[in-house]
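Structure file start16.cif with mmCIF, C-alpha atoms:
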```cif
data_target
loop_
_atom_site.label_atom_id
_atom_site.label_comp_id
_atom_site.auth_asym_id
_atom_site.auth_seq_id
_atom_site.Cartn_x
_atom_site.Cartn_y
_atom_site.Cartn_z
CA MET A 1 34.46 10.60 -7.58
CA SER A 2 36.18 8.26 -9.98
CA GLY A 3 36.56 10.16 -13.16
CA GLY A 4 34.18 9.72 -16.02
CA SER A 5 35.41 11.41 -19.16
CA PRO A 6 33.71 14.54 -20.49
CA GLY A 7 32.27 12.34 -23.22
CA GLU A 8 30.75 9.97 -20.69
CA ALA A 9 29.38 12.86 -18.71
CA SER A 10 27.71 14.35 -21.74
CA GLU A 11 26.28 10.97 -22.74
CA PHE A 12 24.98 10.58 -19.20
CA LYS A 13 23.44 14.01 -19.37
CA ARG A 14 21.84 13.25 -22.71
CA GLU A 15 20.22 10.12 -21.30
CA LEU A 16 19.20 11.90 -18.14
CA THR A 17 17.58 14.64 -20.20
CA ALA A 18 15.70 12.06 -22.21
CA VAL A 19 14.07 10.50 -19.15
CA ILE A 20 12.97 13.77 -17.52
CA PRO A 21 9.46 13.60 -19.04
CA HIS A 22 9.06 10.08 -17.64
CA LEU A 23 10.35 11.15 -14.24
CA ARG A 24 7.80 13.95 -14.23
CA ALA A 25 4.98 11.58 -15.12
CA PHE A 26 5.98 9.04 -12.50
CA ALA A 27 6.46 11.71 -9.83
CA ARG A 28 3.13 13.33 -10.56
CA GLY A 29 1.41 9.98 -10.32
CA LEU A 30 3.11 9.31 -7.01
CA CYS A 31 2.50 12.57 -5.22
CA GLY A 32 -0.38 14.02 -7.20
CA ARG A 33 0.89 17.57 -7.18
CA PRO A 34 2.60 19.01 -10.23
CA ASP A 35 4.79 21.47 -8.36
CA LEU A 36 6.02 19.02 -5.74
CA ALA A 37 6.42 16.38 -8.42
CA ASP A 38 8.73 18.68 -10.35
CA ASP A 39 10.66 19.45 -7.16
CA LEU A 40 11.14 15.72 -6.70
CA VAL A 41 12.33 15.33 -10.27
CA GLN A 42 14.86 18.12 -9.89
CA GLU A 43 16.13 16.57 -6.68
CA THR A 44 16.35 13.27 -8.53
CA MET A 45 18.33 14.84 -11.35
CA LEU A 46 20.84 16.33 -8.92
CA LYS A 47 21.23 13.05 -7.07
CA ALA A 48 21.57 11.12 -10.31
CA TRP A 49 24.19 13.58 -11.54
CA SER A 50 26.20 13.25 -8.32
CA ALA A 51 25.95 9.47 -8.53
CA ARG A 52 26.60 9.22 -12.27
CA ASP A 53 29.76 7.20 -11.75
CA ARG A 54 27.55 4.43 -10.42
CA PHE A 55 25.40 4.28 -13.52
CA GLN A 56 26.31 1.49 -15.88
CA PRO A 57 26.19 2.68 -19.47
CA GLY A 58 23.88 0.50 -21.51
CA THR A 59 21.47 -0.15 -18.67
CA SER A 60 18.13 1.55 -18.30
CA MET A 61 18.48 5.18 -17.25
CA ARG A 62 14.75 5.23 -16.66
CA ALA A 63 14.79 2.32 -14.19
CA TRP A 64 17.89 3.70 -12.47
CA THR A 65 16.48 7.20 -12.01
CA PHE A 66 13.07 5.85 -10.99
CA VAL A 67 14.73 4.18 -8.01
CA ILE A 68 16.31 7.49 -7.03
CA LEU A 69 13.02 9.32 -7.50
CA ARG A 70 11.14 6.74 -5.49
CA ASN A 71 13.60 7.00 -2.61
CA ALA A 72 13.33 10.79 -2.64
CA TYR A 73 9.55 10.49 -2.60
CA LEU A 74 9.55 8.05 0.31
CA THR A 75 11.86 10.34 2.26
CA GLU A 76 9.45 13.21 1.74
CA MET A 77 6.52 10.99 2.70
CA ARG A 78 8.21 10.10 5.96
CA ARG A 79 8.68 13.78 6.65
CA ASN A 80 4.97 14.16 6.05
CA ARG A 81 5.60 16.80 3.48
CA PHE A 82 2.93 15.56 1.09
CA ARG A 83 0.35 14.06 3.36
CA GLY A 84 -0.24 17.17 5.41
CA GLU A 85 -0.87 19.42 2.48
CA TYR A 86 -2.47 17.13 0.00
CA ASP A 87 -6.12 17.43 0.90
CA GLU A 88 -6.05 21.17 1.35
CA ASN A 89 -4.25 22.09 -1.76
CA VAL A 90 -4.89 19.52 -4.41
CA ALA A 91 -8.11 21.09 -5.65
CA GLU A 92 -6.45 24.42 -6.11
CA ARG A 93 -3.58 22.83 -7.93
CA ILE A 94 -5.80 20.94 -10.30
CA LEU A 95 -7.72 24.13 -11.01
CA THR A 96 -4.65 26.25 -11.56
CA ALA A 97 -2.89 24.01 -14.05
CA PRO A 98 -0.89 26.22 -16.43
CA ALA A 99 -2.72 27.25 -19.58
CA GLY A 100 -2.25 24.76 -22.35
CA GLN A 101 -1.53 21.98 -19.91
CA GLU A 102 -5.06 21.40 -18.78
CA GLU A 103 -6.04 17.80 -18.90
CA PRO A 104 -9.27 16.76 -20.49
CA LEU A 105 -11.61 16.05 -17.65
CA HIS A 106 -11.63 12.31 -18.07
CA LEU A 107 -7.94 12.41 -17.28
CA ALA A 108 -8.73 14.46 -14.20
CA ASP A 109 -11.16 11.71 -13.21
CA MET A 110 -8.45 9.17 -13.74
CA HIS A 111 -6.04 11.23 -11.69
CA ARG A 112 -8.43 11.47 -8.77
CA ALA A 113 -9.21 7.77 -8.88
CA LEU A 114 -5.51 7.02 -8.88
CA MET A 115 -4.89 9.27 -5.91
CA GLN A 116 -7.43 7.34 -3.88
CA LEU A 117 -5.32 4.22 -4.04
CA PRO A 118 -2.91 3.44 -1.21
CA PRO A 119 0.58 4.64 -2.23
CA GLU A 120 2.13 1.17 -2.65
CA ARG A 121 -0.62 0.04 -4.98
CA ARG A 122 -0.64 3.30 -6.87
CA GLU A 123 3.08 3.04 -7.37
CA ALA A 124 2.88 -0.55 -8.60
CA LEU A 125 0.08 0.29 -11.00
CA LEU A 126 1.94 3.34 -12.29
CA LEU A 127 5.06 1.34 -13.03
CA VAL A 128 3.33 -1.59 -14.71
CA GLY A 129 0.15 -0.09 -16.10
CA ALA A 130 1.44 3.32 -17.15
CA GLY A 131 5.22 3.14 -17.25
CA GLY A 132 5.24 -0.13 -19.17
CA PHE A 133 7.63 -1.94 -16.84
CA SER A 134 7.33 -5.67 -16.43
CA TYR A 135 6.38 -7.07 -13.03
CA GLU A 136 10.00 -8.12 -12.62
CA GLU A 137 11.34 -4.66 -13.44
CA ALA A 138 8.80 -3.02 -11.14
CA ALA A 139 9.77 -5.38 -8.33
CA GLU A 140 13.42 -4.44 -8.81
CA ILE A 141 12.62 -0.73 -8.77
CA CYS A 142 10.56 -1.10 -5.59
CA GLY A 143 12.97 -3.54 -3.97
CA CYS A 144 10.29 -6.13 -3.29
CA ALA A 145 9.22 -9.55 -4.49
CA VAL A 146 7.59 -10.02 -7.86
CA GLY A 147 4.60 -11.60 -6.13
CA THR A 148 4.18 -8.48 -4.01
CA ILE A 149 4.05 -6.30 -7.10
CA LYS A 150 1.57 -8.62 -8.77
CA SER A 151 -0.62 -8.52 -5.69
CA ARG A 152 -0.45 -4.73 -5.45
CA VAL A 153 -1.25 -4.27 -9.12
CA GLY A 154 -4.13 -6.73 -8.85
CA ARG A 155 -5.58 -4.90 -5.86
CA ALA A 156 -5.13 -1.53 -7.53
CA ARG A 157 -6.94 -2.78 -10.61
CA ALA A 158 -9.76 -4.21 -8.55
CA ALA A 159 -10.11 -0.93 -6.67
CA LEU A 160 -10.27 1.08 -9.89
CA ASN A 161 -12.79 -1.32 -11.37
CA ALA A 162 -14.90 -0.97 -8.26
CA MET A 163 -14.70 2.81 -8.34
CA LEU A 164 -15.91 2.82 -11.91
CA GLU A 165 -18.67 0.31 -11.29
CA GLU A 166 -19.93 2.20 -8.29
CA GLY A 167 -19.70 5.48 -10.12
CA ASN A 168 -17.46 6.94 -7.46
CA ILE A 169 -15.61 8.90 -10.08
CA PRO A 170 -17.74 11.80 -11.24
CA HIS A 171 -18.47 11.78 -14.93
CA ARG A 172 -17.66 14.58 -17.26
CA SER A 173 -19.95 17.55 -16.96
CA SER A 174 -21.10 19.75 -19.78
CA SER A 175 -19.41 22.86 -18.47
CA ASP A 176 -16.10 23.45 -16.83
CA ASP A 177 -17.80 25.06 -13.87
CA GLU A 178 -19.86 21.99 -13.19
CA ALA A 179 -16.84 19.85 -13.68
CA HIS A 180 -14.79 21.83 -11.24
CA GLY A 181 -17.68 21.69 -8.80
CA ALA A 182 -17.69 17.93 -9.13
CA ILE A 183 -13.96 17.82 -8.50
CA LEU A 184 -14.30 19.94 -5.39
CA GLY A 185 -17.23 17.87 -4.14
CA GLU A 186 -15.27 14.71 -4.67
CA LEU A 187 -12.31 16.12 -2.84
CA ASP A 188 -14.50 17.11 0.08
CA GLU A 189 -15.72 13.54 0.27
CA ILE A 190 -12.22 12.20 0.17
CA THR A 191 -11.12 14.65 2.81
CA SER A 192 -13.97 13.89 5.16
CA GLY A 193 -13.59 10.16 4.54
CA ARG A 194 -9.96 10.32 5.46
CA GLY A 195 -10.77 12.38 8.51
CA LYS A 196 -13.02 9.66 9.84
CA ALA A 197 -10.63 6.88 9.03
CA MET B 1 25.46 -1.30 -11.11
CA THR B 2 24.03 -4.68 -10.33
CA ASP B 3 22.63 -7.66 -12.11
CA MET B 4 19.25 -6.24 -11.43
CA GLU B 5 20.02 -3.12 -13.41
CA LYS B 6 21.50 -5.08 -16.23
CA LYS B 7 18.32 -7.03 -16.42
CA THR B 8 16.11 -3.98 -16.38
CA GLY B 9 18.42 -2.32 -18.85
CA GLN B 10 17.53 -2.55 -22.47
CA SER B 11 14.06 -3.90 -22.27
CA GLY B 12 12.86 -1.06 -20.09
CA GLN B 13 14.40 1.54 -22.29
CA ASP B 14 13.17 0.06 -25.53
CA ARG B 15 9.68 0.17 -24.26
CA ILE B 16 9.69 3.80 -23.27
CA ALA B 17 7.96 5.07 -26.34
CA HIS B 18 6.02 2.16 -27.71
CA ASP B 19 4.99 -1.45 -27.53
CA ARG B 20 4.30 -1.43 -23.87
CA GLN B 21 3.08 -4.54 -22.23
CA ASP B 22 0.47 -4.26 -19.60
CA GLY B 23 2.16 -6.66 -17.27
CA GLY B 24 0.01 -9.62 -18.07
CA ASN B 25 -3.34 -7.93 -18.17
CA ASP B 26 -5.66 -9.71 -20.56
CA PRO B 27 -5.82 -7.33 -23.52
CA ALA B 28 -9.23 -8.60 -24.58
CA ASN B 29 -10.65 -7.76 -21.21
CA LYS B 30 -8.94 -4.45 -20.56
CA PRO B 31 -11.05 -1.95 -18.64
CA ASP B 32 -11.46 1.60 -19.89
CA TRP B 33 -9.34 3.06 -17.18
CA ALA B 34 -6.30 1.09 -18.34
CA ALA B 35 -6.12 3.29 -21.43
CA GLY B 36 -6.95 6.31 -19.28
CA LEU B 37 -4.04 5.56 -17.00
CA ARG B 38 -1.68 5.44 -19.95
CA ARG B 39 -3.05 8.66 -21.33
CA LEU B 40 -2.66 10.32 -17.95
CA TYR B 41 0.97 9.29 -17.82
CA ASP B 42 1.58 10.14 -21.46
CA SER B 43 -0.07 13.53 -21.06
CA VAL B 44 2.65 14.47 -18.60
CA VAL B 45 5.40 12.89 -20.69
CA GLU B 46 4.29 15.01 -23.64
CA GLU B 47 4.18 18.30 -21.75
CA PRO B 48 6.81 20.79 -22.82
CA LEU B 49 9.64 20.84 -20.33
CA PRO B 50 9.45 23.83 -17.98
CA ASP B 51 12.37 26.25 -18.16
CA SER B 52 13.40 25.33 -14.64
CA PHE B 53 14.56 21.96 -15.96
CA LYS B 54 16.59 23.51 -18.74
CA ASP B 55 18.16 25.84 -16.18
CA LEU B 56 19.04 22.91 -13.96
CA LEU B 57 20.54 20.98 -16.87
CA SER B 58 22.72 23.91 -17.84
CA LYS B 59 23.89 24.20 -14.24
CA LEU B 60 24.97 20.58 -14.31
CA ASP B 61 27.19 21.58 -17.20
CA ASP B 62 28.66 24.60 -15.50
CA THR B 63 29.45 23.13 -12.14
CA GLY B 64 30.32 19.62 -13.22
CA GLN B 65 29.65 18.71 -9.60
#
```

Show me the file's structure as structure tokens.
Amino acid sequence: MSGGSPGEASEFKRELTAVIPHLRAFARGLCGRPDLADDLVQETMLKAWSARDRFQPGTSMRAWTFVILRNAYLTEMRRNRFRGEYDENVAERILTAPAGQEEPLHLADMHRALMQLPPERREALLLVGAGGFSYEEAAEICGCAVGTIKSRVGRARAALNAMLEEGNIPHRSSSDDEAHGAILGELDEITSGRGKA
Amino acid sequence: MTDMEKKTGQSGQDRIAHDRQDGGNDPANKPDWAAGLRRLYDSVVEEPLPDSFKDLLSKLDDTGQ
């Protein structure tokens, strides 16, 4: 490892610390599970720290670490770590969100709609529509052509529009119990739909 | 690292907290979920950081790996 003064290391650490909330948001959008998302972020932080000599000061720490996070996610996907467990456990995980971190239900709706998108489109939409990256930046993070990102974002948007128009996302219920019932019902549908496909 | 990272550099960082562009989406015709998507993302960004992250950060200090 080629040096890096203590000052550079602490500046790197400061920037890394600052992007953790964004890494958590991106990771949760990618894999849909708060605990695995945080595992991914911690893995990302360790990898970023080991590779800190390769980070160019003055460039975007967020874009740089997103690439690392994305690669870690894809590796886990290939190992099937997320896919196998997702359908079984996601309901429980939504319902056992730590106190004080519960999302208003409309955000839970949004989350479920997002998780129905194919991963490449979800990722593109997260980067551009939520993370605020330009198409060009998103293409660089994903290592693909700008046109590909535009196409994925366009398809993701169309899918979300269709879900809303067709009412496939359950609306807010008056009580939490009903709401949770709706979430579970929706998940059952997703699960059975996937089973057939 | 590369030209690519130089390009993504400042603009990406400046936009972390505010003034995000929606990648060319027509603002006048923005569906409801577009704001919902942002809120979903922001709701995680605004969560207090779990202790496990602070522990990990302090380890990075100690080991200097």

Run the PyMOL selection byres ((chain A and resi 41) around 12) mentally over the shown coordinates, then write out the matched residues as a short mmCIF file (atom, residue, chain, number, x, y, z; two decimals) with C-alpha atoms, keeping the file's coordinate frame, using the chain letters and numbers from the document.
```
data_model
loop_
_atom_site.label_atom_id
_atom_site.label_comp_id
_atom_site.auth_asym_id
_atom_site.auth_seq_id
_atom_site.Cartn_x
_atom_site.Cartn_y
_atom_site.Cartn_z
CA LEU A 16 19.20 11.90 -18.14
CA THR A 17 17.58 14.64 -20.20
CA VAL A 19 14.07 10.50 -19.15
CA ILE A 20 12.97 13.77 -17.52
CA PRO A 21 9.46 13.60 -19.04
CA HIS A 22 9.06 10.08 -17.64
CA LEU A 23 10.35 11.15 -14.24
CA ARG A 24 7.80 13.95 -14.23
CA ALA A 25 4.98 11.58 -15.12
CA PHE A 26 5.98 9.04 -12.50
CA ALA A 27 6.46 11.71 -9.83
CA ARG A 28 3.13 13.33 -10.56
CA LEU A 30 3.11 9.31 -7.01
CA CYS A 31 2.50 12.57 -5.22
CA PRO A 34 2.60 19.01 -10.23
CA ASP A 35 4.79 21.47 -8.36
CA LEU A 36 6.02 19.02 -5.74
CA ALA A 37 6.42 16.38 -8.42
CA ASP A 38 8.73 18.68 -10.35
CA ASP A 39 10.66 19.45 -7.16
CA LEU A 40 11.14 15.72 -6.70
CA GLN A 42 14.86 18.12 -9.89
CA GLU A 43 16.13 16.57 -6.68
CA THR A 44 16.35 13.27 -8.53
CA MET A 45 18.33 14.84 -11.35
CA LEU A 46 20.84 16.33 -8.92
CA LYS A 47 21.23 13.05 -7.07
CA ALA A 48 21.57 11.12 -10.31
CA THR A 65 16.48 7.20 -12.01
CA PHE A 66 13.07 5.85 -10.99
CA VAL A 67 14.73 4.18 -8.01
CA ILE A 68 16.31 7.49 -7.03
CA LEU A 69 13.02 9.32 -7.50
CA ARG A 70 11.14 6.74 -5.49
CA ASN A 71 13.60 7.00 -2.61
CA ALA A 72 13.33 10.79 -2.64
CA TYR A 73 9.55 10.49 -2.60
CA LEU B 49 9.64 20.84 -20.33
CA PRO B 50 9.45 23.83 -17.98
CA SER B 52 13.40 25.33 -14.64
CA PHE B 53 14.56 21.96 -15.96
CA LEU B 56 19.04 22.91 -13.96
CA LEU B 57 20.54 20.98 -16.87
#
```

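The residues caught by the PyMOL selection byres ((chain A) within 7 of (chain B)) in this file are Pro21, His22, Arg24, Ala25, Ser50, Arg54, Phe55, Gln56, Gly58, Thr59, Ser60, Arg62, Ala63, Leu107, Met110, Val128, Gly129, Ala130, Gly132, Phe133, Ser134, Tyr135, Glu137 and Glu140 of chain A.
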
- atom CA of A:Arg155 to atom CA of A:Gly32: how many Å, to one decimal?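 Taking atom CA of A:Arg155 as the start and atom CA of A:Gly32 as the end point, the length is 19.7 Å.
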
- Any idea what the distance is between atom CA of A:Arg121 and atom CA of A:Ala108? 18.9 Å

- Any idea what the distance is between atom CA of A:Phe12 and atom CA of A:Ile149?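 Answer for the atom CA of A:Phe12 to atom CA of A:Ile149 separation: 29.5 Å.
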